[in-house]
Structures are given as C-alpha cells and as structure tokens.
Amino acid sequence: MHELQVTESILNIALKYSPANKVKKIIAIHLTIGELSELENEWIQRYFDYLSKGTLAQGAKLVIERSPIRMKCDSCNHEFQIKRDDIRNIECPQCSQKKCTLTSGREYHIKHMEVM
Amino acid sequence: MEEIRLIEIKEAIHTDNTIKANLLRENLSKSKTFLLNLMSSPGAGKTTTILKTIETMGGRIRTGVIEADIDSMVDAEKIAAKGIAAVQLRTGGFCHLDASMVEKGLEGLNLDNLDLVIIENVGNLVCPAEFDTGAIKNVMILSVPEGDDKPLKYPLMFTVCDVLLINKIDYLSLSDFDVDAAKTRAKNLNPNIEIFQISSKTGEGVEAWAEWLLKEVTGFLNQP
C-alpha cells in the first residue's frame, strides 16, 4: 500500500546520485529489503515503471534481495537469525529467554546501481 | 556500446523519514510535549478510546489530538465537540502518517498549552507500522470483533508497539475471542508489550490504561 512512497524515495535517491556520476541511463537498481517488510516486489517494480517515465531511470530493473531477520537476546546478548514465520514465537536458542530485540529485518537499503 | 558501470550507493530508503522523526522527537523533548501514536484497524475504536482516555485523565494533563483520515473531518469534529484541541489531517489516499505529516499537524496546535498530543493514525494494521512518526510511545488497539488471530496476521504492528489495548471487552460474551490466546500471541512477538483490556464504551479498564499513560507523560515532563 505504501509501495508508492517507498518507490518514490528509491527513484529520488537513484537520480540524486546520477549527475555526479555522469549517468546517462540507469539499467538496474539493487535493493536490500528486510524480510519483515510487507513490501511486494511486483508492486515496487510496477510503481517504479510508472514514476520513472521520462527520467534517466526509465526501464530500470529493480533487483531486490531480502535481508534476514536477526535478533539479539536481551539477557545473554546472543545474536541469531530467524525465519519470518518464527517471529510469532521468538526464543533465544542459547538461553531460551523470550525477551529479544530485533536488530535487522525491517530495513530498506539501496546497495548500488548499474548505469551507463 | 558503452560499458555498464556500478555505482555504490548504500543509502537507507527511509532515511528522510527517520531523520525527520528523530528531529521531531528532539524538538518535542525541548517543548515538553509527549507525542503518542495510536494505531489500529478501521473501526477498532480509536476515536472513542481517545475521548474516554482524556475524560478519565480528567484535567491532570492538557491534551491535543491529531486526526488522520483518508478523506473526512468526522473524527476531528467529534473530538473538537468535546472542547479538545484537534487538527484534522486529510491524507488524500495515503495509508499511513509519516513524520513530516505529523509535523504539519503539530503546527496546527499550540504546543505551549499542551502536555500530550495523541495522533490518531490512519486505520490500518500494515503501513503505519513501517513509518516512524516521531512519537515517544506507540500504542495499538485490537478490538474483540476483529479476532484474537491478528498478532499472527500483522506481526510487525505488534512488534513496534509499546502498548496493546484490547478494546470492546463488553463484546466478549458474544464472541469466541480468546483473550489469553491474543495476549500470548502478542507477547510472543513482543515480550515487552504492555497489555490493557478496556471497553471505551463502558469505561471498564480504562482507568488502568489512563494511569499508565499519566505516569509516562509525567515522567517525561519531569525530565531535566
């Protein structure tokens, strides 16, 4: 639902980096999106195609890599990775404590872009 | 044929909003205004809960409200009718509030006269969870008719909230909502979440929640 706003940010960041790098055309933008995010790849690309019309990024492909959900135990500081489905019942594999803090899995980053 | 080059970017996409939200929190700390972000699905009772909470807190703190709706003034009118300072933000289709929209809302209130501002976010359990509004505490409502399975369906919302209000407990006898199951599911996602059972309609349980909020606001106002 808020894919449009996120997509707008992606486009703005990509265009911001273009003049200094003398970009003529953006071919692909590589993104890392946390596994916990509800964003749908297909919609991001569709919105991007719409928003990027007439810009250097027209026709660019968004390559999305999902970054894993990582937690840190509040008591023993053990860091561990969990699957999306396991978020419903988090437990530290080392000390079985339930109080853990999310350290990654919600982020959106642009890693790099392929340009001409 | 020109060669394809790779440009390193490594920039967080939400940076703008995160920076804005942190700045807002800093400014609100200075102006001594506690900002509370209230989220829920449509119809869970956000407006009624806000009114009942303010009524229960009595005159002990001065409260204002920022109302966000896709397209109407209904909620702000309801709040203002009770003599409470209210601003309506029409999001025009936006499914959530972000820090810059909240900042605009705050400009419409006289913060010198307010200790607490409650944001009534857009009714939606998905998108508002993704955007930092600059609030000090995030609170969500899950109402009994929605079902006790919502923590399973919208995990992020339950993960980012400090408080869960289980509202409409006056409907419990008519429903198969399992309070213990809902609580366990929420705690499994977020062991630190505070849970209150309330009925904004009858007022049951609102006292305990209002006391929690008063304590938080007072603690914030008394910070050096």
# chains A, B, ... in the order shown; residues from 1 in each chain; ligands from 1

call {"tool": "select_by_dssp", "arguments": {"residues": "range 7-113 of chain A", "states": "helix (DSSP H, G or I)", "output": "PyMOL selection string"}}
result
chain A and resi 7-16+19-21+41-51+84-88

call {"tool": "closest_atom_pairs", "arguments": {"of": "range 125-222 of chain B", "to": "range 75-86 of chain A", "cutoff": "10 Å", "atoms": "only C-alpha atoms", "output": "Markdown table"}}
result
| residue | atom | partner | partner_atom | distance |
| --- | --- | --- | --- | --- |
| B:Leu152 | CA | A:Asp85 | CA | 9.2 |
| B:Pro155 | CA | A:Arg84 | CA | 9.6 |
| B:Asn188 | CA | A:Asp86 | CA | 9.8 |
| B:Leu189 | CA | A:Asp86 | CA | 9.2 |

call {"tool": "write_last_selection", "arguments": {"atoms": "C-alpha atoms", "output": "mmCIF file, in the first residue's frame"}}
result
data_model
loop_
_atom_site.group_PDB
_atom_site.id
_atom_site.type_symbol
_atom_site.label_atom_id
_atom_site.label_comp_id
_atom_site.auth_asym_id
_atom_site.auth_seq_id
_atom_site.Cartn_x
_atom_site.Cartn_y
_atom_site.Cartn_z
ATOM 1 C CA LEU B 152 -0.410 -13.807 13.717
ATOM 2 C CA PRO B 155 3.251 -9.276 13.297
ATOM 3 C CA ASN B 188 5.490 -13.977 21.810
ATOM 4 C CA LEU B 189 6.090 -11.271 19.219
#

call {"tool": "residues_around", "arguments": {"residues": "range 43-50 of chain A", "least_positions_apart": "5", "cutoff": "8 Å", "atoms": "only C-alpha atoms", "output": "ChimeraX atom specification"}}
result
/A:3-4,6-8,11,58-62

call {"tool": "write_last_selection", "arguments": {"atoms": "C-alpha atoms", "output": "PDB file, in the first residue's frame"}}
result
ATOM      1  CA  GLU A   3       4.916   0.955  -2.011  1.00  0.00           C
ATOM      2  CA  LEU A   4       4.323   4.180  -3.941  1.00  0.00           C
ATOM      3  CA  VAL A   6       8.955   3.915  -0.940  1.00  0.00           C
ATOM      4  CA  THR A   7       9.304   3.698  -4.697  1.00  0.00           C
ATOM      5  CA  GLU A   8       9.425   7.466  -4.955  1.00  0.00           C
ATOM      6  CA  LEU A  11      13.826   6.902  -7.610  1.00  0.00           C
ATOM      7  CA  GLN A  58      13.070   4.731 -17.203  1.00  0.00           C
ATOM      8  CA  GLY A  59      13.076   0.996 -17.874  1.00  0.00           C
ATOM      9  CA  ALA A  60      15.458   0.227 -14.995  1.00  0.00           C
ATOM     10  CA  LYS A  61      15.037  -3.102 -13.313  1.00  0.00           C
ATOM     11  CA  LEU A  62      14.791  -3.296  -9.536  1.00  0.00           C
TER      12      LEU A  62
END

call {"tool": "interface_residues", "arguments": {"of": "chain B", "to": "chain A", "cutoff": "12 Å", "atoms": "only C-alpha atoms", "output": "PyMOL selection string"}}
result
chain B and resi 1-18+93-98+124-131+149-160+182+184-193

call {"tool": "write_last_selection", "arguments": {"atoms": "C-alpha atoms", "output": "PDB file, in the first residue's frame"}}
result
ATOM      1  CA  MET B   1      28.411   0.421 -26.902  1.00  0.00           C
ATOM      2  CA  GLU B   2      29.093   1.982 -23.583  1.00  0.00           C
ATOM      3  CA  GLU B   3      30.055  -0.170 -20.691  1.00  0.00           C
ATOM      4  CA  ILE B   4      27.800  -0.691 -17.737  1.00  0.00           C
ATOM      5  CA  ARG B   5      29.266   0.752 -14.547  1.00  0.00           C
ATOM      6  CA  LEU B   6      28.388   0.000 -10.967  1.00  0.00           C
ATOM      7  CA  ILE B   7      27.753   2.883  -8.568  1.00  0.00           C
ATOM      8  CA  GLU B   8      27.864   2.184  -4.857  1.00  0.00           C
ATOM      9  CA  ILE B   9      25.037   3.858  -3.001  1.00  0.00           C
ATOM     10  CA  LYS B  10      24.418   2.165   0.350  1.00  0.00           C
ATOM     11  CA  GLU B  11      21.689   4.526   1.426  1.00  0.00           C
ATOM     12  CA  ALA B  12      18.672   3.654   3.564  1.00  0.00           C
ATOM     13  CA  ILE B  13      15.474   4.369   1.710  1.00  0.00           C
ATOM     14  CA  HIS B  14      13.633   5.569   4.794  1.00  0.00           C
ATOM     15  CA  THR B  15      16.442   7.887   5.826  1.00  0.00           C
ATOM     16  CA  ASP B  16      14.494  11.069   5.198  1.00  0.00           C
ATOM     17  CA  ASN B  17      11.632   9.985   7.399  1.00  0.00           C
ATOM     18  CA  THR B  18      13.864   8.587  10.131  1.00  0.00           C
ATOM     19  CA  GLY B  93      -5.359   8.356  -0.073  1.00  0.00           C
ATOM     20  CA  PHE B  94      -2.176   7.825   1.927  1.00  0.00           C
ATOM     21  CA  CYS B  95      -2.454   4.728   4.065  1.00  0.00           C
ATOM     22  CA  HIS B  96      -0.296   5.970   6.943  1.00  0.00           C
ATOM     23  CA  LEU B  97       1.211   9.050   8.564  1.00  0.00           C
ATOM     24  CA  ASP B  98       4.891   9.867   8.382  1.00  0.00           C
ATOM     25  CA  ASN B 124      -4.672   0.196   9.036  1.00  0.00           C
ATOM     26  CA  LEU B 125      -2.590  -2.528  10.708  1.00  0.00           C
ATOM     27  CA  VAL B 126       0.026  -2.718   7.953  1.00  0.00           C
ATOM     28  CA  CYS B 127       1.548   0.532   6.716  1.00  0.00           C
ATOM     29  CA  PRO B 128       1.562   2.733   9.841  1.00  0.00           C
ATOM     30  CA  ALA B 129       3.822   0.134  11.496  1.00  0.00           C
ATOM     31  CA  GLU B 130       6.544   0.889   8.957  1.00  0.00           C
ATOM     32  CA  PHE B 131       6.810   4.650   9.480  1.00  0.00           C
ATOM     33  CA  ASP B 149      -5.584 -14.095  15.480  1.00  0.00           C
ATOM     34  CA  LYS B 150      -4.472 -10.590  14.472  1.00  0.00           C
ATOM     35  CA  PRO B 151      -0.989 -10.853  16.049  1.00  0.00           C
ATOM     36  CA  LEU B 152      -0.410 -13.807  13.717  1.00  0.00           C
ATOM     37  CA  LYS B 153      -1.539 -11.847  10.674  1.00  0.00           C
ATOM     38  CA  TYR B 154       0.093  -8.468  11.329  1.00  0.00           C
ATOM     39  CA  PRO B 155       3.251  -9.276  13.297  1.00  0.00           C
ATOM     40  CA  LEU B 156       5.116  -6.033  12.575  1.00  0.00           C
ATOM     41  CA  MET B 157       2.417  -3.847  14.155  1.00  0.00           C
ATOM     42  CA  PHE B 158       2.540  -5.846  17.390  1.00  0.00           C
ATOM     43  CA  THR B 159       6.340  -5.752  17.301  1.00  0.00           C
ATOM     44  CA  VAL B 160       6.644  -1.952  17.117  1.00  0.00           C
ATOM     45  CA  ALA B 182      -4.382 -12.945  21.963  1.00  0.00           C
ATOM     46  CA  THR B 184       0.211 -14.884  24.403  1.00  0.00           C
ATOM     47  CA  ARG B 185       0.455 -14.258  20.662  1.00  0.00           C
ATOM     48  CA  ALA B 186       1.265 -10.581  21.241  1.00  0.00           C
ATOM     49  CA  LYS B 187       3.807 -11.362  23.991  1.00  0.00           C
ATOM     50  CA  ASN B 188       5.490 -13.977  21.810  1.00  0.00           C
ATOM     51  CA  LEU B 189       6.090 -11.271  19.219  1.00  0.00           C
ATOM     52  CA  ASN B 190       6.965  -8.567  21.699  1.00  0.00           C
ATOM     53  CA  PRO B 191       7.652  -9.658  25.290  1.00  0.00           C
ATOM     54  CA  ASN B 192       7.900  -6.031  26.445  1.00  0.00           C
ATOM     55  CA  ILE B 193       4.428  -5.012  25.268  1.00  0.00           C
TER      56      ILE B 193
END

call {"tool": "residues_around", "arguments": {"residues": "Thr53 in chain B", "least_positions_apart": "5", "cutoff": "10 Å", "atoms": "only C-alpha atoms", "output": "ChimeraX atom specification"}}
result
/B:47-48,58,200,203,206-207,209-211,213

call {"tool": "residues_around", "arguments": {"residues": "Val163 in chain B", "least_positions_apart": "3", "cutoff": "7 Å", "atoms": "only C-alpha atoms", "output": "list in words"}}
result
Asn138, Val139, Met140, Ile193, Glu194 and Ile195 of chain B

call {"tool": "write_last_selection", "arguments": {"atoms": "N, CA and C atoms", "output": "CSV table (one decimal), in the first residue's frame"}}
result
chain,number,residue,atom,x,y,z
B,138,ASN,N,4.3,4.2,21.0
B,138,ASN,CA,3.4,3.7,20.0
B,138,ASN,C,2.4,2.7,20.7
B,139,VAL,N,1.1,3.0,20.5
B,139,VAL,CA,0.1,2.2,21.1
B,139,VAL,C,-0.9,1.7,20.0
B,140,MET,N,-1.3,0.5,20.2
B,140,MET,CA,-2.3,-0.1,19.2
B,140,MET,C,-3.5,-0.6,19.9
B,193,ILE,N,5.7,-5.8,25.5
B,193,ILE,CA,4.4,-5.0,25.3
B,193,ILE,C,3.5,-5.0,26.5
B,194,GLU,N,3.0,-3.9,26.9
B,194,GLU,CA,2.1,-3.8,28.0
B,194,GLU,C,0.7,-4.0,27.4
B,195,ILE,N,-0.1,-4.8,28.1
B,195,ILE,CA,-1.5,-5.1,27.6
B,195,ILE,C,-2.5,-4.6,28.6

call {"tool": "residues_around", "arguments": {"residues": "Glu146 in chain B", "least_positions_apart": "5", "cutoff": "12 Å", "atoms": "only C-alpha atoms", "output": "ChimeraX atom specification"}}
result
/B:40-45,125,141,151,153,166-169,171-172,175-178,182

call {"tool": "atom_distance", "arguments": {"atom1": "CA of Leu165 in chain B", "atom2": "CA of Thr133 in chain B"}}
result
19.4 Å

call {"tool": "residues_around", "arguments": {"residues": "Gly105 in chain A", "least_positions_apart": "2", "cutoff": "7 Å", "atoms": "only C-alpha atoms", "output": "ChimeraX atom specification"}}
result
/A:34-36,67-70,107

call {"tool": "write_last_selection", "arguments": {"atoms": "N, CA and C atoms", "output": "mmCIF file, in the first residue's frame"}}
result
data_model
loop_
_atom_site.group_PDB
_atom_site.id
_atom_site.type_symbol
_atom_site.label_atom_id
_atom_site.label_comp_id
_atom_site.auth_asym_id
_atom_site.auth_seq_id
_atom_site.Cartn_x
_atom_site.Cartn_y
_atom_site.Cartn_z
ATOM 1 N N GLY A 34 14.390 -5.731 4.130
ATOM 2 C CA GLY A 34 14.261 -6.683 5.235
ATOM 3 C C GLY A 34 13.110 -7.648 5.018
ATOM 4 N N GLU A 35 13.349 -8.860 5.436
ATOM 5 C CA GLU A 35 12.367 -9.937 5.270
ATOM 6 C C GLU A 35 11.048 -9.618 5.983
ATOM 7 N N LEU A 36 11.124 -8.784 7.006
ATOM 8 C CA LEU A 36 9.933 -8.480 7.811
ATOM 9 C C LEU A 36 9.064 -7.399 7.157
ATOM 10 N N SER A 67 16.864 -9.235 3.114
ATOM 11 C CA SER A 67 17.845 -9.463 4.174
ATOM 12 C C SER A 67 17.181 -10.187 5.338
ATOM 13 N N PRO A 68 17.895 -11.082 5.982
ATOM 14 C CA PRO A 68 17.298 -11.932 7.016
ATOM 15 C C PRO A 68 16.905 -11.155 8.276
ATOM 16 N N ILE A 69 16.003 -11.758 9.026
ATOM 17 C CA ILE A 69 15.584 -11.177 10.312
ATOM 18 C C ILE A 69 16.584 -11.648 11.367
ATOM 19 N N ARG A 70 17.197 -10.694 12.040
ATOM 20 C CA ARG A 70 18.171 -11.041 13.081
ATOM 21 C C ARG A 70 17.715 -10.495 14.426
ATOM 22 N N GLU A 107 14.825 -3.139 7.431
ATOM 23 C CA GLU A 107 15.470 -2.042 6.709
ATOM 24 C C GLU A 107 15.191 -2.067 5.211
#

call {"tool": "atom_distance", "arguments": {"atom1": "CA of Pro145 in chain B", "atom2": "CA of Ser173 in chain B"}}
result
11.2 Å

call {"tool": "atom_distance", "arguments": {"atom1": "CA of Lys215 in chain B", "atom2": "CA of Leu116 in chain B"}}
result
12.0 Å
